[in-house]
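K.L.:
One file is attached below, target-v5.pdb, containing PDB, C-alpha atoms.
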```
ATOM      1  CA  MET W   1      82.610  85.148  57.066
ATOM      2  CA  HIS W   2      84.128  87.682  59.410
ATOM      3  CA  VAL W   3      84.099  91.307  58.369
ATOM      4  CA  ASP W   4      85.839  93.764  60.625
ATOM      5  CA  PRO W   5      83.677  96.829  61.318
ATOM      6  CA  LYS W   6      83.302  98.500  57.942
ATOM      7  CA  GLY W   7      86.283  96.392  56.888
ATOM      8  CA  THR W   8      87.114  93.619  54.456
ATOM      9  CA  ALA W   9      85.772  90.096  54.348
ATOM     10  CA  THR W  10      88.284  87.583  55.629
ATOM     11  CA  SER W  11      86.414  84.281  55.932
ATOM     12  CA  VAL W  12      83.015  82.859  55.095
ATOM     13  CA  GLY W  13      80.618  81.225  57.484
ATOM     14  CA  GLU W  14      82.115  82.435  60.764
ATOM     15  CA  LYS W  15      80.820  84.676  63.544
ATOM     16  CA  GLN W  16      77.300  84.907  62.145
ATOM     17  CA  PRO W  17      74.574  85.588  64.690
ATOM     18  CA  ALA W  18      71.721  83.244  65.389
ATOM     19  CA  SER W  19      68.872  83.253  62.873
ATOM     20  CA  GLN W  20      66.663  86.350  63.106
ATOM     21  CA  PRO W  21      64.253  88.382  60.953
ATOM     22  CA  PRO W  22      65.578  89.859  57.681
ATOM     23  CA  ILE W  23      67.873  92.862  58.104
ATOM     24  CA  ARG W  24      66.103  96.181  57.601
ATOM     25  CA  GLY W  25      67.040  99.823  58.027
ATOM     26  CA  ALA W  26      65.637  99.828  61.545
ATOM     27  CA  THR W  27      67.957  96.940  62.405
ATOM     28  CA  VAL W  28      71.012  98.863  61.256
ATOM     29  CA  ARG W  29      69.913 102.001  63.098
ATOM     30  CA  ALA W  30      69.470 100.055  66.330
ATOM     31  CA  ASP W  31      72.923  98.504  65.922
ATOM     32  CA  PHE W  32      74.543 101.939  65.533
ATOM     33  CA  ASN W  33      72.647 103.251  68.540
ATOM     34  CA  ASP W  34      74.037 100.386  70.613
ATOM     35  CA  LEU W  35      76.341 101.693  73.345
ATOM     36  CA  ARG W  36      79.228  99.498  72.163
ATOM     37  CA  ALA W  37      79.096 100.959  68.650
ATOM     38  CA  VAL W  38      78.717 104.500  69.969
ATOM     39  CA  ILE W  39      81.835 104.162  72.129
ATOM     40  CA  HIS W  40      83.812 102.582  69.261
ATOM     41  CA  TYR W  41      83.043 105.263  66.668
ATOM     42  CA  THR W  42      83.241 108.151  69.121
ATOM     43  CA  LYS W  43      86.737 107.060  70.096
ATOM     44  CA  ALA W  44      87.721 107.096  66.412
ATOM     45  CA  ALA W  45      86.242 110.569  65.943
ATOM     46  CA  HIS W  46      88.284 111.911  68.844
ATOM     47  CA  GLU W  47      91.551 110.120  68.094
ATOM     48  CA  LEU W  48      91.908 109.088  64.440
ATOM     49  CA  GLY W  49      90.753 111.951  62.273
ATOM     50  CA  LEU W  50      91.185 111.562  58.522
ATOM     51  CA  TRP W  51      92.949 108.542  57.084
ATOM     52  CA  ALA W  52      95.946 109.328  54.848
ATOM     53  CA  SER W  53      94.014 107.994  51.839
ATOM     54  CA  GLU W  54      90.966 110.123  52.657
ATOM     55  CA  GLN W  55      93.066 113.238  53.077
ATOM     56  CA  ARG W  56      94.857 112.701  49.775
ATOM     57  CA  LEU W  57      91.629 112.332  47.809
ATOM     58  CA  ILE W  58      89.836 115.148  49.628
ATOM     59  CA  GLU W  59      92.715 117.513  48.840
ATOM     60  CA  CYS W  60      92.543 116.420  45.206
ATOM     61  CA  TYR W  61      88.774 116.595  44.640
ATOM     62  CA  PHE W  62      87.704 119.189  47.212
ATOM     63  CA  PRO W  63      90.590 121.690  47.153
ATOM     64  CA  LYS W  64      88.525 124.805  47.936
ATOM     65  CA  LYS W  65      88.010 125.358  51.653
ATOM     66  CA  ASN W  66      84.881 127.417  50.990
ATOM     67  CA  ALA W  67      83.232 124.649  48.949
ATOM     68  CA  ARG W  68      79.752 123.729  50.139
ATOM     69  CA  LEU W  69      80.039 120.041  51.070
ATOM     70  CA  ILE W  70      77.699 117.443  52.545
ATOM     71  CA  GLU W  71      78.737 114.251  54.314
ATOM     72  CA  ALA W  72      76.302 111.343  54.494
ATOM     73  CA  GLY W  73      76.642 108.893  57.360
ATOM     74  CA  CYS W  74      78.842 111.186  59.415
ATOM     75  CA  GLY W  75      78.590 108.990  62.533
ATOM     76  CA  ALA W  76      80.307 110.570  65.514
ATOM     77  CA  GLY W  77      81.947 113.217  63.320
ATOM     78  CA  ARG W  78      85.355 111.748  62.479
ATOM     79  CA  VAL W  79      85.502 113.115  58.905
ATOM     80  CA  SER W  80      83.424 116.293  59.090
ATOM     81  CA  VAL W  81      85.039 117.527  62.287
ATOM     82  CA  ALA W  82      88.475 116.911  60.772
ATOM     83  CA  LEU W  83      87.445 118.881  57.678
ATOM     84  CA  ALA W  84      86.169 121.772  59.780
ATOM     85  CA  GLU W  85      89.415 121.821  61.750
ATOM     86  CA  ALA W  86      91.328 121.839  58.447
ATOM     87  CA  GLY W  87      89.604 125.058  57.446
ATOM     88  CA  TYR W  88      86.514 123.985  55.493
ATOM     89  CA  THR W  89      83.803 126.494  56.368
ATOM     90  CA  ARG W  90      80.547 125.402  54.670
ATOM     91  CA  LEU W  91      79.971 121.851  55.828
ATOM     92  CA  TYR W  92      76.767 119.913  56.353
ATOM     93  CA  ALA W  93      76.725 116.396  57.776
ATOM     94  CA  PHE W  94      74.002 113.961  58.776
ATOM     95  CA  ASP W  95      73.480 110.497  60.194
ATOM     96  CA  PHE W  96      70.451 108.342  60.983
ATOM     97  CA  SER W  97      71.828 107.149  64.325
ATOM     98  CA  GLU W  98      70.593 109.521  66.988
ATOM     99  CA  GLU W  99      73.239 108.425  69.492
ATOM    100  CA  LEU W 100      76.172 108.833  67.114
ATOM    101  CA  LEU W 101      74.873 112.209  65.977
ATOM    102  CA  ALA W 102      74.654 113.331  69.604
ATOM    103  CA  GLN W 103      78.330 112.463  69.990
ATOM    104  CA  ALA W 104      79.137 114.436  66.836
ATOM    105  CA  HIS W 105      77.262 117.445  68.215
ATOM    106  CA  SER W 106      79.223 117.187  71.439
ATOM    107  CA  LEU W 107      82.537 117.078  69.577
ATOM    108  CA  VAL W 108      81.602 120.061  67.396
ATOM    109  CA  CYS W 109      80.726 122.106  70.473
ATOM    110  CA  GLU W 110      83.848 120.999  72.329
ATOM    111  CA  ARG W 111      86.040 122.181  69.461
ATOM    112  CA  ARG W 112      83.947 125.295  68.758
ATOM    113  CA  LEU W 113      83.192 124.458  65.153
ATOM    114  CA  GLU W 114      79.472 125.341  65.091
ATOM    115  CA  LYS W 115      79.944 128.115  62.510
ATOM    116  CA  ARG W 116      81.672 125.772  60.067
ATOM    117  CA  LEU W 117      79.681 122.566  60.424
ATOM    118  CA  THR W 118      75.906 122.021  60.489
ATOM    119  CA  LEU W 119      74.772 118.624  61.769
ATOM    120  CA  PHE W 120      71.302 117.171  61.309
ATOM    121  CA  HIS W 121      69.467 113.870  61.700
ATOM    122  CA  ALA W 122      68.417 112.242  58.425
ATOM    123  CA  ASP W 123      68.150 109.011  56.458
ATOM    124  CA  ALA W 124      70.306 108.966  53.305
ATOM    125  CA  THR W 125      67.457 107.426  51.304
ATOM    126  CA  ARG W 126      65.227 110.472  51.994
ATOM    127  CA  VAL W 127      67.653 113.287  52.777
ATOM    128  CA  ALA W 128      66.883 115.560  49.815
ATOM    129  CA  ALA W 129      63.505 116.434  51.336
ATOM    130  CA  HIS W 130      64.928 117.359  54.743
ATOM    131  CA  PRO W 131      63.620 120.766  55.912
ATOM    132  CA  ILE W 132      67.097 122.071  56.738
ATOM    133  CA  LEU W 133      68.116 121.735  53.086
ATOM    134  CA  GLN W 134      65.072 123.314  51.478
ATOM    135  CA  GLY W 135      65.813 126.525  49.609
ATOM    136  CA  THR W 136      69.568 126.118  49.935
ATOM    137  CA  ALA W 137      72.071 126.219  47.082
ATOM    138  CA  PRO W 138      73.273 122.958  45.497
ATOM    139  CA  PHE W 139      76.280 121.355  47.124
ATOM    140  CA  ASP W 140      79.707 121.477  45.512
ATOM    141  CA  GLY W 141      80.430 117.913  46.560
ATOM    142  CA  ALA W 142      79.387 114.978  48.717
ATOM    143  CA  LEU W 143      81.137 112.352  50.825
ATOM    144  CA  PHE W 144      79.927 108.970  52.071
ATOM    145  CA  LEU W 145      83.001 107.464  53.687
ATOM    146  CA  PHE W 146      83.918 104.385  55.749
ATOM    147  CA  ASN W 147      81.625 102.198  53.627
ATOM    148  CA  GLY W 148      78.490 103.837  55.001
ATOM    149  CA  LEU W 149      76.605 103.418  51.731
ATOM    150  CA  MET W 150      77.116  99.672  51.956
ATOM    151  CA  GLN W 151      75.398  99.551  55.336
ATOM    152  CA  ILE W 152      72.062 100.367  53.728
ATOM    153  CA  PRO W 153      70.122  97.110  53.232
ATOM    154  CA  LEU W 154      68.961  96.306  49.687
ATOM    155  CA  ARG W 155      70.424  97.549  46.446
ATOM    156  CA  ARG W 156      67.319  99.543  45.555
ATOM    157  CA  ASN W 157      67.765 101.522  48.776
ATOM    158  CA  ARG W 158      71.467 102.133  48.157
ATOM    159  CA  ARG W 159      70.550 103.420  44.702
ATOM    160  CA  ARG W 160      67.896 105.621  46.253
ATOM    161  CA  ALA W 161      70.554 107.142  48.520
ATOM    162  CA  LEU W 162      72.820 107.809  45.538
ATOM    163  CA  ARG W 163      69.953 109.532  43.713
ATOM    164  CA  GLN W 164      69.217 111.663  46.765
ATOM    165  CA  LEU W 165      72.819 112.863  46.934
ATOM    166  CA  ALA W 166      72.833 113.543  43.193
ATOM    167  CA  ALA W 167      69.704 115.679  43.620
ATOM    168  CA  LEU W 168      71.475 117.778  46.259
ATOM    169  CA  CYS W 169      74.621 118.438  44.204
ATOM    170  CA  ARG W 170      75.353 120.782  41.336
ATOM    171  CA  PRO W 171      76.263 119.326  37.919
ATOM    172  CA  GLY W 172      79.855 118.123  37.922
ATOM    173  CA  ALA W 173      80.101 117.954  41.706
ATOM    174  CA  PRO W 174      82.263 115.055  42.961
ATOM    175  CA  LEU W 175      81.077 112.265  45.238
ATOM    176  CA  LEU W 176      83.751 110.469  47.273
ATOM    177  CA  PHE W 177      82.801 107.168  48.896
ATOM    178  CA  THR W 178      84.146 103.743  49.764
ATOM    179  CA  THR W 179      83.013 100.144  49.453
ATOM    180  CA  HIS W 180      84.475  96.692  49.829
ATOM    181  CA  ASP W 181      85.326  94.605  46.783
ATOM    182  CA  ARG W 182      84.559  90.942  47.183
ATOM    183  CA  GLU W 183      86.687  90.153  44.125
ATOM    184  CA  ASP W 184      89.767  91.994  45.360
ATOM    185  CA  SER W 185      91.903  88.897  45.979
ATOM    186  CA  PRO W 186      91.997  85.205  44.991
ATOM    187  CA  GLU W 187      91.313  84.290  48.616
ATOM    188  CA  GLU W 188      88.171  86.404  48.764
ATOM    189  CA  ARG W 189      86.935  85.107  45.418
ATOM    190  CA  ALA W 190      87.329  81.544  46.705
ATOM    191  CA  LEU W 191      85.484  82.358  49.921
ATOM    192  CA  TRP W 192      82.629  83.953  48.033
ATOM    193  CA  ARG W 193      82.325  80.925  45.760
ATOM    194  CA  LEU W 194      81.658  78.915  48.916
ATOM    195  CA  GLU W 195      79.093  81.486  50.007
ATOM    196  CA  ALA W 196      77.433  81.342  46.568
ATOM    197  CA  ALA W 197      77.076  77.594  46.991
ATOM    198  CA  ARG W 198      75.317  78.181  50.313
ATOM    199  CA  TRP W 199      72.868  80.546  48.637
ATOM    200  CA  THR W 200      72.263  78.027  45.846
ATOM    201  CA  ARG W 201      71.366  75.399  48.458
ATOM    202  CA  GLY W 202      69.309  77.869  50.476
ATOM    203  CA  LYS W 203      71.686  77.487  53.433
ATOM    204  CA  GLN W 204      72.656  81.155  53.808
ATOM    205  CA  ASP W 205      71.915  83.137  56.941
ATOM    206  CA  PRO W 206      68.145  83.799  56.656
ATOM    207  CA  ALA W 207      68.645  87.346  57.971
ATOM    208  CA  LEU W 208      70.489  88.227  54.741
ATOM    209  CA  ARG W 209      68.418  89.540  51.843
ATOM    210  CA  GLU W 210      70.885  89.806  48.945
ATOM    211  CA  PHE W 211      73.988  87.926  47.913
ATOM    212  CA  GLY W 212      76.960  89.942  49.158
ATOM    213  CA  ASP W 213      75.280  90.775  52.478
ATOM    214  CA  ARG W 214      77.057  90.050  55.760
ATOM    215  CA  TYR W 215      75.828  90.382  59.328
ATOM    216  CA  TYR W 216      77.969  89.493  62.303
ATOM    217  CA  GLU W 217      78.534  90.277  65.935
ATOM    218  CA  ASP W 218      81.684  91.493  67.638
ATOM    219  CA  ALA W 219      81.731  91.472  71.424
ATOM    220  CA  ALA W 220      83.382  94.896  71.606
ATOM    221  CA  ILE W 221      81.398  96.667  68.886
ATOM    222  CA  GLY W 222      78.069  94.895  68.614
ATOM    223  CA  ARG W 223      76.345  93.797  65.435
ATOM    224  CA  THR W 224      77.278  95.123  62.014
ATOM    225  CA  PHE W 225      75.506  94.816  58.671
ATOM    226  CA  MET W 226      77.531  95.247  55.497
ATOM    227  CA  HIS W 227      76.966  94.607  51.810
ATOM    228  CA  LEU W 228      80.145  93.636  49.956
ATOM    229  CA  PRO W 229      79.763  94.441  46.233
ATOM    230  CA  THR W 230      81.756  93.753  43.114
ATOM    231  CA  ARG W 231      83.297  96.594  41.146
ATOM    232  CA  ASP W 232      80.845  96.008  38.277
ATOM    233  CA  GLU W 233      77.941  96.299  40.703
ATOM    234  CA  ILE W 234      79.014  99.766  41.820
ATOM    235  CA  LEU W 235      79.690 100.925  38.271
ATOM    236  CA  ALA W 236      76.134  99.934  37.341
ATOM    237  CA  ASP W 237      74.721 101.663  40.423
ATOM    238  CA  LEU W 238      76.494 104.916  39.586
ATOM    239  CA  LYS W 239      75.290 104.848  35.990
ATOM    240  CA  ALA W 240      71.710 104.249  37.123
ATOM    241  CA  THR W 241      71.610 107.062  39.697
ATOM    242  CA  GLY W 242      72.895 110.218  38.053
ATOM    243  CA  TRP W 243      76.629 109.792  38.685
ATOM    244  CA  GLN W 244      79.447 109.419  36.181
ATOM    245  CA  HIS W 245      82.352 107.259  37.300
ATOM    246  CA  HIS W 246      85.659 109.086  37.390
ATOM    247  CA  PHE W 247      88.102 107.117  39.556
ATOM    248  CA  ASP W 248      88.436 104.078  41.771
ATOM    249  CA  ALA W 249      91.327 102.344  43.501
ATOM    250  CA  MET W 250      92.004 100.185  46.514
ATOM    251  CA  ARG W 251      93.132 102.063  49.602
ATOM    252  CA  ARG W 252      96.562 100.406  49.601
ATOM    253  CA  ASP W 253      97.221 101.941  46.173
ATOM    254  CA  ILE W 254      96.384 105.459  47.369
ATOM    255  CA  ALA W 255      98.310 105.790  50.626
ATOM    256  CA  ARG W 256     100.068 103.794  53.318
ATOM    257  CA  GLU W 257      97.925 104.083  56.429
ATOM    258  CA  PRO W 258      99.455 104.289  59.919
ATOM    259  CA  ARG W 259      98.958 101.398  62.287
ATOM    260  CA  PRO W 260      96.018 102.901  64.272
ATOM    261  CA  VAL W 261      94.025 103.264  61.047
ATOM    262  CA  ARG W 262      94.885  99.743  59.881
ATOM    263  CA  GLU W 263      93.847  98.365  63.259
ATOM    264  CA  PHE W 264      90.571 100.265  63.101
ATOM    265  CA  SER W 265      89.673  99.393  59.499
ATOM    266  CA  ASP W 266      90.537  96.964  56.733
ATOM    267  CA  GLU W 267      91.080  97.322  53.002
ATOM    268  CA  CYS W 268      88.426  99.089  50.944
ATOM    269  CA  ARG W 269      87.928 100.567  47.489
ATOM    270  CA  PHE W 270      87.684 104.343  47.082
ATOM    271  CA  TRP W 271      85.366 105.770  44.434
ATOM    272  CA  VAL W 272      84.981 109.192  42.883
ATOM    273  CA  ALA W 273      82.037 110.024  40.631
ATOM    274  CA  HIS W 274      80.686 113.290  39.252
ATOM    275  CA  GLN W 275      77.079 114.440  39.280
ATOM    276  CA  HIS W 276      75.851 113.855  35.760
ATOM    277  CA  SER W 277      72.832 116.007  34.986
TER     278      SER W 277
END
```
Output the structure of this file as structure tokens.

P.N.:
Amino acid sequence: MHVDPKGTATSVGEKQPASQPPIRGATVRADFNDLRAVIHYTKAAHELGLWASEQRLIECYFPKKNARLIEAGCGAGRVSVALAEAGYTRLYAFDFSEELLAQAHSLVCERRLEKRLTLFHADATRVAAHPILQGTAPFDGALFLFNGLMQIPLRRNRRRALRQLAALCRPGAPLLFTTHDREDSPEERALWRLEAARWTRGKQDPALREFGDRYYEDAAIGRTFMHLPTRDEILADLKATGWQHHFDAMRRDIAREPRPVREFSDECRFWVAHQHS
């Protein structure tokens, strides 16, 4: 199955890399530190800014420009830098890729946004204990966009990341994030039935650790890991990690994206949940 970078599954059994050890967090970090990935995401940070769908939901759920917000998986700064330029003044953002974070730092300095946006290196599954956050007030909201949550291997680790973000946020604070939905269309459901048969026969890519995982290589971007969940899977994850589901919809039902965004990314499902203490 081919999955465009942080995009939607389009076919099963294609463009999978040669057999290798099971995917772990270190694998994903190395892939994002790859020069090809760094160039790809840095270009998006400089040129794309917020998607129309992201902007619409951010304006709805984070209307106050002085809200204290944290972005997980900020990459090269596409979202957080755009928010700082839009007037948000109390932003924190982190990523576990050192190379992408260096590009984000460079962009923040270039655009003189240091007073509005604090960047730091962290792993989403352990971020609540980061020294830079100790003794600080709870956040008014959190973001984990461009399917970053789904690039954490293993469901227990994705749930750990959700719990960490819940621990950092005040009661009622919104979390905005995106995932794929492997049941979004009849075509995808058919493709995943074929993949399920592979797993039943033990013929799946041995690097994959859970059904719904994908790992592929693109010559221009490098290797990408992605877990593609069902809607029910995410609902259960939110309930188990201190979040109350509020809203979800496919991107196409939120806003019509311009061509550069559609070329950069495929369809995804947006989610909003509230910290449930």

K.L.:
List the residues selected by the PyMOL selection byres ((chain W and resi 26) around 12) in the file shown, writing them as an MDAnalysis selection string.

P.N.:
chainID W and resid 21:25 27:33 96:97 123 151:153 225

K.L.:
Enter the distance from CA of Tyr92 (chain W) to CA of His246 (chain W), in Å, rounded to one decimal.

P.N.:
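Interatomic distance here is 23.6 Å.
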
K.L.:
Translate the PyMOL selection byres ((chain W and resi 211) around 12), as applied to the file shown, into an explicit residue set as a PyMOL selection string.

P.N.:
chain W and resi 153-155+182+192-200+202+204-210+212-215+226-230+233

K.L.:
Quick one: residues within 9 Å of Ala142 (chain W), all atoms listed in the file counted, chain neighbours fewer than 5 positions away excluded, as a list in words?

P.N.:
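Contacts, in chain order: Arg68, Leu69, Ile70, Glu71, Ala72, Leu165, Ala166, Leu168, Cys169, Ala173, Pro174, Leu175, Leu176 and Phe177 of chain W.
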
K.L.:
Counting all atoms listed in the file, which residue out of W:Ala220, W:Ala161, W:Asp140, W:Gly77 sits closest to Cys109 (chain W)?

P.N.:
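Closest to Cys109 (chain W) of all the choices is W:Gly77.
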
K.L.:
Any chance you could resolve the PyMOL selection byres ((chain W and resi 48-56) around 7) against this file and give the residues as a ChimeraX atom specification?

P.N.:
/W:44-47,57-60,78-79,82,251,254-255,257,261

K.L.:
Once you have the residues from the selection above, write them out as a PDB file, in the coordinates of the input, restricted to C-alpha atoms.

P.N.:
```
ATOM      1  CA  ALA W  44      87.721 107.096  66.412  1.00  0.00           C
ATOM      2  CA  ALA W  45      86.242 110.569  65.943  1.00  0.00           C
ATOM      3  CA  HIS W  46      88.284 111.911  68.844  1.00  0.00           C
ATOM      4  CA  GLU W  47      91.551 110.120  68.094  1.00  0.00           C
ATOM      5  CA  LEU W  57      91.629 112.332  47.809  1.00  0.00           C
ATOM      6  CA  ILE W  58      89.836 115.148  49.628  1.00  0.00           C
ATOM      7  CA  GLU W  59      92.715 117.513  48.840  1.00  0.00           C
ATOM      8  CA  CYS W  60      92.543 116.420  45.206  1.00  0.00           C
ATOM      9  CA  ARG W  78      85.355 111.748  62.479  1.00  0.00           C
ATOM     10  CA  VAL W  79      85.502 113.115  58.905  1.00  0.00           C
ATOM     11  CA  ALA W  82      88.475 116.911  60.772  1.00  0.00           C
ATOM     12  CA  ARG W 251      93.132 102.063  49.602  1.00  0.00           C
ATOM     13  CA  ILE W 254      96.384 105.459  47.369  1.00  0.00           C
ATOM     14  CA  ALA W 255      98.310 105.790  50.626  1.00  0.00           C
ATOM     15  CA  GLU W 257      97.925 104.083  56.429  1.00  0.00           C
ATOM     16  CA  VAL W 261      94.025 103.264  61.047  1.00  0.00           C
TER      17      VAL W 261
END
```

K.L.:
Do a neighbour search on Leu107 (chain W) at 10 Å with all atoms listed in the file, toss out local chain neighbours closer than 4 positions, and write the hits as a count of residues only.

P.N.:
14

K.L.:
For Ile39 (chain W), which residue among W:Ile221, W:Arg256, W:His180, W:Cys74 is the nearest when counting all atoms listed in the file?

P.N.:
W:Ile221
